[in-house]
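Engineer: Contents of target_18.tsv (TSV, N, CA and C atoms and all ligand atoms):
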chain	number	residue	atom	x	y	z
F	3	MET	N	-85.42	58.64	30.17
F	3	MET	CA	-84.28	58.57	29.25
F	3	MET	C	-84.78	58.48	27.81
F	4	ALA	N	-84.15	59.26	26.96
F	4	ALA	CA	-84.58	59.28	25.56
F	4	ALA	C	-84.09	58.03	24.83
F	5	ILE	N	-84.90	57.59	23.92
F	5	ILE	CA	-84.53	56.43	23.10
F	5	ILE	C	-83.53	56.92	22.05
F	6	PRO	N	-82.37	56.28	21.94
F	6	PRO	CA	-81.41	56.76	20.95
F	6	PRO	C	-81.96	56.66	19.53
F	7	TYR	N	-81.61	57.66	18.77
F	7	TYR	CA	-82.11	57.71	17.41
F	7	TYR	C	-81.31	56.77	16.52
F	8	ILE	N	-81.99	55.86	15.88
F	8	ILE	CA	-81.33	54.93	14.96
F	8	ILE	C	-81.86	55.21	13.55
F	9	PRO	N	-80.96	55.55	12.64
F	9	PRO	CA	-81.46	55.83	11.29
F	9	PRO	C	-82.19	54.62	10.70
F	10	LEU	N	-83.27	54.90	10.02
F	10	LEU	CA	-84.08	53.85	9.42
F	10	LEU	C	-83.26	52.99	8.47
F	11	LYS	N	-82.33	53.65	7.76
F	11	LYS	CA	-81.46	52.95	6.82
F	11	LYS	C	-80.66	51.85	7.52
F	12	LEU	N	-80.20	52.16	8.72
F	12	LEU	CA	-79.40	51.22	9.50
F	12	LEU	C	-80.25	50.02	9.92
F	13	ILE	N	-81.47	50.31	10.32
F	13	ILE	CA	-82.38	49.24	10.74
F	13	ILE	C	-82.68	48.33	9.54
F	14	LEU	N	-82.94	48.96	8.41
F	14	LEU	CA	-83.26	48.20	7.20
F	14	LEU	C	-82.07	47.35	6.76
F	15	SER	N	-80.88	47.94	6.81
F	15	SER	CA	-79.68	47.23	6.35
F	15	SER	C	-79.42	46.00	7.22
F	16	TYR	N	-79.80	46.11	8.48
F	16	TYR	CA	-79.62	44.99	9.40
F	16	TYR	C	-80.42	43.77	8.94
F	17	PHE	N	-81.61	44.04	8.42
F	17	PHE	CA	-82.46	42.95	7.96
F	17	PHE	C	-82.17	42.53	6.54
F	18	ILE	N	-81.81	43.49	5.72
F	18	ILE	CA	-81.65	43.20	4.29
F	18	ILE	C	-80.26	42.67	3.93
F	19	ILE	N	-79.21	43.29	4.44
F	19	ILE	CA	-77.86	42.90	4.02
F	19	ILE	C	-77.49	41.43	4.29
F	20	PRO	N	-77.77	40.89	5.48
F	20	PRO	CA	-77.37	39.49	5.69
F	20	PRO	C	-77.99	38.55	4.67
F	21	ARG	N	-79.20	38.84	4.25
F	21	ARG	CA	-79.86	37.99	3.28
F	21	ARG	C	-79.16	38.06	1.92
F	22	HIS	N	-78.74	39.28	1.56
F	22	HIS	CA	-78.05	39.46	0.29
F	22	HIS	C	-76.68	38.80	0.30
F	23	LYS	N	-76.05	38.84	1.46
F	23	LYS	CA	-74.72	38.24	1.58
F	23	LYS	C	-74.78	36.74	1.39
F	24	GLY	N	-75.85	36.13	1.89
F	24	GLY	CA	-75.98	34.69	1.81
F	24	GLY	C	-76.37	34.21	0.42
F	25	LYS	N	-76.86	35.13	-0.39
F	25	LYS	CA	-77.31	34.78	-1.72
F	25	LYS	C	-76.12	34.63	-2.66
F	26	ILE	N	-76.15	33.61	-3.48
F	26	ILE	CA	-75.06	33.40	-4.43
F	26	ILE	C	-75.44	34.07	-5.75
F	27	HIS	N	-74.68	35.09	-6.09
F	27	HIS	CA	-74.98	35.80	-7.33
F	27	HIS	C	-74.38	35.08	-8.54
F	28	TYR	N	-73.19	34.55	-8.34
F	28	TYR	CA	-72.56	33.84	-9.43
F	28	TYR	C	-72.10	32.50	-8.92
F	29	MET	N	-72.40	31.48	-9.64
F	29	MET	CA	-72.03	30.15	-9.21
F	29	MET	C	-71.30	29.44	-10.34
F	30	GLU	N	-70.14	28.92	-10.03
F	30	GLU	CA	-69.39	28.16	-11.02
F	30	GLU	C	-69.89	26.73	-10.97
F	31	ILE	N	-70.40	26.25	-12.08
F	31	ILE	CA	-70.94	24.90	-12.11
F	31	ILE	C	-70.12	24.08	-13.10
F	32	LYS	N	-69.70	22.89	-12.64
F	32	LYS	CA	-68.90	22.03	-13.50
F	32	LYS	C	-69.53	20.66	-13.59
F	33	PRO	N	-69.41	19.99	-14.74
F	33	PRO	CA	-69.93	18.62	-14.82
F	33	PRO	C	-69.19	17.74	-13.80
F	34	GLY	N	-69.93	16.91	-13.13
F	34	GLY	CA	-69.33	16.04	-12.11
F	34	GLY	C	-69.50	16.59	-10.71
F	35	ASP	N	-69.95	17.84	-10.60
F	35	ASP	CA	-70.22	18.41	-9.27
F	35	ASP	C	-71.35	17.62	-8.61
F	36	ILE	N	-71.21	17.39	-7.32
F	36	ILE	CA	-72.29	16.76	-6.57
F	36	ILE	C	-72.90	17.86	-5.69
F	37	VAL	N	-74.20	18.06	-5.85
F	37	VAL	CA	-74.86	19.12	-5.10
F	37	VAL	C	-75.99	18.58	-4.24
F	38	ARG	N	-76.27	19.33	-3.18
F	38	ARG	CA	-77.41	19.03	-2.34
F	38	ARG	C	-78.45	20.12	-2.62
F	39	LEU	N	-79.66	19.71	-2.97
F	39	LEU	CA	-80.71	20.69	-3.24
F	39	LEU	C	-81.55	20.93	-1.99
F	40	LYS	N	-82.25	22.06	-2.02
F	40	LYS	CA	-83.08	22.43	-0.88
F	40	LYS	C	-84.28	21.49	-0.75
F	41	LYS	N	-84.80	21.08	-1.94
F	41	LYS	CA	-86.00	20.24	-1.94
F	41	LYS	C	-85.64	18.78	-2.18
F	42	LYS	N	-86.37	17.92	-1.55
F	42	LYS	CA	-86.14	16.49	-1.68
F	42	LYS	C	-86.80	15.96	-2.95
F	43	HIS	N	-86.09	15.08	-3.66
F	43	HIS	CA	-86.69	14.43	-4.83
F	43	HIS	C	-87.72	13.42	-4.32
F	44	PRO	N	-88.78	13.15	-5.12
F	44	PRO	CA	-89.78	12.17	-4.65
F	44	PRO	C	-89.19	10.83	-4.19
F	45	CYS	N	-88.01	10.47	-4.73
F	45	CYS	CA	-87.39	9.19	-4.33
F	45	CYS	C	-86.74	9.28	-2.95
F	46	GLY	N	-86.64	10.48	-2.39
F	46	GLY	CA	-86.09	10.64	-1.04
F	46	GLY	C	-84.67	11.18	-1.00
F	47	SER	N	-84.08	11.44	-2.16
F	47	SER	CA	-82.69	11.92	-2.19
F	47	SER	C	-82.61	13.43	-2.36
F	48	TYR	N	-81.58	14.00	-1.75
F	48	TYR	CA	-81.32	15.43	-1.90
F	48	TYR	C	-80.11	15.66	-2.82
F	49	GLU	N	-79.40	14.56	-3.12
F	49	GLU	CA	-78.13	14.71	-3.82
F	49	GLU	C	-78.21	14.42	-5.31
F	50	TRP	N	-77.59	15.33	-6.07
F	50	TRP	CA	-77.64	15.26	-7.52
F	50	TRP	C	-76.25	15.47	-8.09
F	51	GLU	N	-76.03	14.87	-9.26
F	51	GLU	CA	-74.77	15.07	-9.95
F	51	GLU	C	-75.01	15.92	-11.18
F	52	VAL	N	-74.13	16.91	-11.40
F	52	VAL	CA	-74.25	17.76	-12.58
F	52	VAL	C	-73.73	16.97	-13.78
F	53	VAL	N	-74.57	16.80	-14.80
F	53	VAL	CA	-74.16	16.02	-15.96
F	53	VAL	C	-74.01	16.87	-17.22
F	54	ARG	N	-74.59	18.04	-17.23
F	54	ARG	CA	-74.52	18.90	-18.40
F	54	ARG	C	-74.51	20.35	-17.97
F	55	VAL	N	-73.61	21.12	-18.54
F	55	VAL	CA	-73.55	22.54	-18.20
F	55	VAL	C	-73.64	23.36	-19.47
F	56	GLY	N	-74.59	24.25	-19.50
F	56	GLY	CA	-74.78	25.12	-20.65
F	56	GLY	C	-75.74	26.21	-20.26
F	57	ALA	N	-76.62	26.58	-21.17
F	57	ALA	CA	-77.66	27.55	-20.82
F	57	ALA	C	-78.57	26.92	-19.76
F	58	ASP	N	-78.77	25.62	-19.91
F	58	ASP	CA	-79.51	24.85	-18.92
F	58	ASP	C	-78.53	23.92	-18.21
F	59	ILE	N	-78.87	23.57	-17.00
F	59	ILE	CA	-78.03	22.67	-16.23
F	59	ILE	C	-78.74	21.32	-16.14
F	60	GLY	N	-78.05	20.28	-16.57
F	60	GLY	CA	-78.61	18.93	-16.48
F	60	GLY	C	-78.10	18.26	-15.23
F	61	ILE	N	-79.03	17.75	-14.43
F	61	ILE	CA	-78.62	17.07	-13.20
F	61	ILE	C	-79.26	15.68	-13.14
F	62	LYS	N	-78.57	14.81	-12.44
F	62	LYS	CA	-79.02	13.42	-12.33
F	62	LYS	C	-79.13	13.08	-10.85
F	63	CYS	N	-80.27	12.54	-10.48
F	63	CYS	CA	-80.48	12.13	-9.09
F	63	CYS	C	-79.55	10.96	-8.77
F	64	LEU	N	-78.84	11.06	-7.66
F	64	LEU	CA	-77.88	10.02	-7.31
F	64	LEU	C	-78.54	8.72	-6.85
F	65	LYS	N	-79.78	8.81	-6.43
F	65	LYS	CA	-80.44	7.62	-5.91
F	65	LYS	C	-81.21	6.89	-7.02
F	66	CYS	N	-82.08	7.62	-7.73
F	66	CYS	CA	-82.92	6.94	-8.72
F	66	CYS	C	-82.46	7.17	-10.16
F	67	ARG	N	-81.38	7.93	-10.33
F	67	ARG	CA	-80.78	8.17	-11.67
F	67	ARG	C	-81.68	8.98	-12.60
F	68	HIS	N	-82.70	9.60	-12.05
F	68	HIS	CA	-83.60	10.43	-12.85
F	68	HIS	C	-82.88	11.69	-13.28
F	69	ARG	N	-83.04	12.07	-14.55
F	69	ARG	CA	-82.37	13.27	-15.07
F	69	ARG	C	-83.34	14.42	-15.21
F	70	VAL	N	-82.88	15.62	-14.88
F	70	VAL	CA	-83.71	16.82	-14.98
F	70	VAL	C	-82.88	17.93	-15.61
F	71	LEU	N	-83.52	18.73	-16.45
F	71	LEU	CA	-82.87	19.93	-16.99
F	71	LEU	C	-83.46	21.15	-16.30
F	72	LEU	N	-82.59	21.99	-15.77
F	72	LEU	CA	-83.07	23.20	-15.10
F	72	LEU	C	-82.39	24.42	-15.70
F	73	GLU	N	-83.12	25.52	-15.73
F	73	GLU	CA	-82.50	26.78	-16.13
F	73	GLU	C	-81.44	27.10	-15.10
F	74	ARG	N	-80.37	27.75	-15.54
F	74	ARG	CA	-79.26	28.08	-14.64
F	74	ARG	C	-79.76	28.86	-13.41
F	75	SER	N	-80.65	29.82	-13.64
F	75	SER	CA	-81.15	30.63	-12.52
F	75	SER	C	-81.96	29.80	-11.53
F	76	VAL	N	-82.71	28.85	-12.08
F	76	VAL	CA	-83.53	27.97	-11.21
F	76	VAL	C	-82.61	27.05	-10.42
F	77	PHE	N	-81.59	26.52	-11.11
F	77	PHE	CA	-80.64	25.63	-10.46
F	77	PHE	C	-79.93	26.31	-9.29
F	78	THR	N	-79.41	27.53	-9.55
F	78	THR	CA	-78.66	28.22	-8.49
F	78	THR	C	-79.55	28.53	-7.29
F	79	ARG	N	-80.83	28.76	-7.55
F	79	ARG	CA	-81.74	29.04	-6.44
F	79	ARG	C	-82.03	27.78	-5.62
F	80	ARG	N	-81.99	26.62	-6.30
F	80	ARG	CA	-82.36	25.38	-5.60
F	80	ARG	C	-81.21	24.72	-4.87
F	81	VAL	N	-79.99	25.06	-5.24
F	81	VAL	CA	-78.83	24.42	-4.62
F	81	VAL	C	-78.65	24.90	-3.20
F	82	LYS	N	-78.46	23.95	-2.30
F	82	LYS	CA	-78.20	24.31	-0.92
F	82	LYS	C	-76.69	24.35	-0.70
F	83	GLU	N	-76.00	23.31	-1.18
F	83	GLU	CA	-74.55	23.29	-1.04
F	83	GLU	C	-73.91	22.33	-2.03
F	84	PHE	N	-72.61	22.54	-2.23
F	84	PHE	CA	-71.84	21.63	-3.07
F	84	PHE	C	-71.21	20.59	-2.14
F	85	ILE	N	-71.39	19.34	-2.49
F	85	ILE	CA	-70.83	18.28	-1.68
F	85	ILE	C	-69.42	17.96	-2.18
F	86	SER	N	-69.27	17.86	-3.49
F	86	SER	CA	-67.92	17.71	-4.05
F	86	SER	C	-67.89	18.35	-5.42
F	87	ARG	N	-66.70	18.74	-5.84
F	87	ARG	CA	-66.57	19.42	-7.12
F	87	ARG	C	-66.00	18.50	-8.18
F	88	GLY	N	-66.53	18.66	-9.41
F	88	GLY	CA	-66.02	17.88	-10.52
F	88	GLY	C	-64.69	18.44	-11.00
F	89	GLN	N	-64.05	17.70	-11.87
F	89	GLN	CA	-62.78	18.16	-12.42
F	89	GLN	C	-63.03	19.25	-13.47
F	90	PRO	N	-62.16	20.27	-13.52
F	90	PRO	CA	-62.36	21.33	-14.51
F	90	PRO	C	-62.10	20.84	-15.94
S	1	ZN	ZN	-84.50	10.65	-7.30
Could you rewrite the structure in this file as structure tokens?
Structural biologist:
Amino acid sequence: MAIPYIPLKLILSYFIIPRHKGKIHYMEIKPGDIVRLKKKHPCGSYEWEVVRVGADIGIKCLKCRHRVLLERSVFTRRVKEFISRGQP
């Protein structure tokens, strides 16, 4: 029996598209948002509060209160999920 022909494009899209779909291209960030980051802070916490929104995003660790400024692109890459949203 012949192996059915599968276009290479279809095979590639199977691997590539799901990854693109999961990627957040635009993220609305508001002060007061509570986010969970992919990486753990040295203090052991994953949760941060957004304290400043601009060209850079200022976040504060919920456990040790340490503040960090991140570029918007870096921030969006590090966020795993939003736990709660701040007021607009
Ligand atoms: Zn911390």
Engineer: Using only N, CA and C atoms and all ligand atoms, which of F:Val70, F:Leu64, F:Ile31, F:Ile85 sits nearest ligand ZN 1 (chain S)?
Structural biologist: F:Leu64
Engineer: Each residue of chain F lying at most 6.5 Å from ligand ZN 1 (chain S) should get a row with its shortest atom-to-atom pair and the distance in Å to one decimal, counting all atoms listed in the file; could you produce that, ordered by chain and increasing number, as a Markdown table?
Structural biologist:
| residue | atom | partner | partner_atom | distance |
| --- | --- | --- | --- | --- |
| F:His43 | CA | S:ZN1 | ZN | 5.0 |
| F:Pro44 | N | S:ZN1 | ZN | 5.4 |
| F:Cys45 | N | S:ZN1 | ZN | 4.4 |
| F:Gly46 | N | S:ZN1 | ZN | 5.4 |
| F:Ser47 | N | S:ZN1 | ZN | 5.2 |
| F:Cys63 | CA | S:ZN1 | ZN | 4.6 |
| F:Leu64 | N | S:ZN1 | ZN | 5.7 |
| F:Lys65 | C | S:ZN1 | ZN | 5.0 |
| F:Cys66 | N | S:ZN1 | ZN | 3.9 |
| F:Arg67 | N | S:ZN1 | ZN | 5.1 |
| F:His68 | N | S:ZN1 | ZN | 5.2 |
Engineer: Hey, can you spit out that residue selection with N, CA and C atoms as a PDB file, in the coordinates of the input?
Structural biologist:
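Here's the written file selection-v8.pdb:
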ATOM      1  N   HIS F  43     -86.090  15.080  -3.660  1.00  0.00           N
ATOM      2  CA  HIS F  43     -86.690  14.430  -4.830  1.00  0.00           C
ATOM      3  C   HIS F  43     -87.720  13.420  -4.320  1.00  0.00           C
ATOM      4  N   PRO F  44     -88.780  13.150  -5.120  1.00  0.00           N
ATOM      5  CA  PRO F  44     -89.780  12.170  -4.650  1.00  0.00           C
ATOM      6  C   PRO F  44     -89.190  10.830  -4.190  1.00  0.00           C
ATOM      7  N   CYS F  45     -88.010  10.470  -4.730  1.00  0.00           N
ATOM      8  CA  CYS F  45     -87.390   9.190  -4.330  1.00  0.00           C
ATOM      9  C   CYS F  45     -86.740   9.280  -2.950  1.00  0.00           C
ATOM     10  N   GLY F  46     -86.640  10.480  -2.390  1.00  0.00           N
ATOM     11  CA  GLY F  46     -86.090  10.640  -1.040  1.00  0.00           C
ATOM     12  C   GLY F  46     -84.670  11.180  -1.000  1.00  0.00           C
ATOM     13  N   SER F  47     -84.080  11.440  -2.160  1.00  0.00           N
ATOM     14  CA  SER F  47     -82.690  11.920  -2.190  1.00  0.00           C
ATOM     15  C   SER F  47     -82.610  13.430  -2.360  1.00  0.00           C
ATOM     16  N   CYS F  63     -80.270  12.540 -10.480  1.00  0.00           N
ATOM     17  CA  CYS F  63     -80.480  12.130  -9.090  1.00  0.00           C
ATOM     18  C   CYS F  63     -79.550  10.960  -8.770  1.00  0.00           C
ATOM     19  N   LEU F  64     -78.840  11.060  -7.660  1.00  0.00           N
ATOM     20  CA  LEU F  64     -77.880  10.020  -7.310  1.00  0.00           C
ATOM     21  C   LEU F  64     -78.540   8.720  -6.850  1.00  0.00           C
ATOM     22  N   LYS F  65     -79.780   8.810  -6.430  1.00  0.00           N
ATOM     23  CA  LYS F  65     -80.440   7.620  -5.910  1.00  0.00           C
ATOM     24  C   LYS F  65     -81.210   6.890  -7.020  1.00  0.00           C
ATOM     25  N   CYS F  66     -82.080   7.620  -7.730  1.00  0.00           N
ATOM     26  CA  CYS F  66     -82.920   6.940  -8.720  1.00  0.00           C
ATOM     27  C   CYS F  66     -82.460   7.170 -10.160  1.00  0.00           C
ATOM     28  N   ARG F  67     -81.380   7.930 -10.330  1.00  0.00           N
ATOM     29  CA  ARG F  67     -80.780   8.170 -11.670  1.00  0.00           C
ATOM     30  C   ARG F  67     -81.680   8.980 -12.600  1.00  0.00           C
ATOM     31  N   HIS F  68     -82.700   9.600 -12.050  1.00  0.00           N
ATOM     32  CA  HIS F  68     -83.600  10.430 -12.850  1.00  0.00           C
ATOM     33  C   HIS F  68     -82.880  11.690 -13.280  1.00  0.00           C
TER      34      HIS F  68
END
Engineer: Near Leu39 (chain F), counting only N, CA and C atoms, which residues have an atom at most 6.5 Å away, once you skip same-chain residues fewer than 5 positions from it, shown as a list in words?
Structural biologist: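 Listed by chain and then number, they are Tyr48, Glu49, Trp50, Arg80, Val81, Lys82 and Glu83 of chain F.
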Engineer: In Å, rounded to a single decimal, give me how far atom N of Gly60 (chain F) is from atom N of Asp35 (chain F).
Structural biologist: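 Spanning atom N of Asp35 (chain F) to atom N of Gly60 (chain F) is a straight-line distance of 10.4 Å.
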Engineer: I'd like the box whose edges run along x, y and z of the file and which contains every listed atom of region 55-73 of chain F, padded by 5 Å per side; could you state its centre and edge lengths in Å, one decimal, as lines of an AutoDock Vina configuration file?
Structural biologist:
center_x = -78.6
center_y = 17.2
center_z = -13.5
size_x = 20.2
size_y = 30.7
size_z = 25.3
Engineer: What is the distance, in Å and to one decimal place, between CA of Arg69 (chain F) and CA of Arg54 (chain F)?
Structural biologist: 10.2 Å
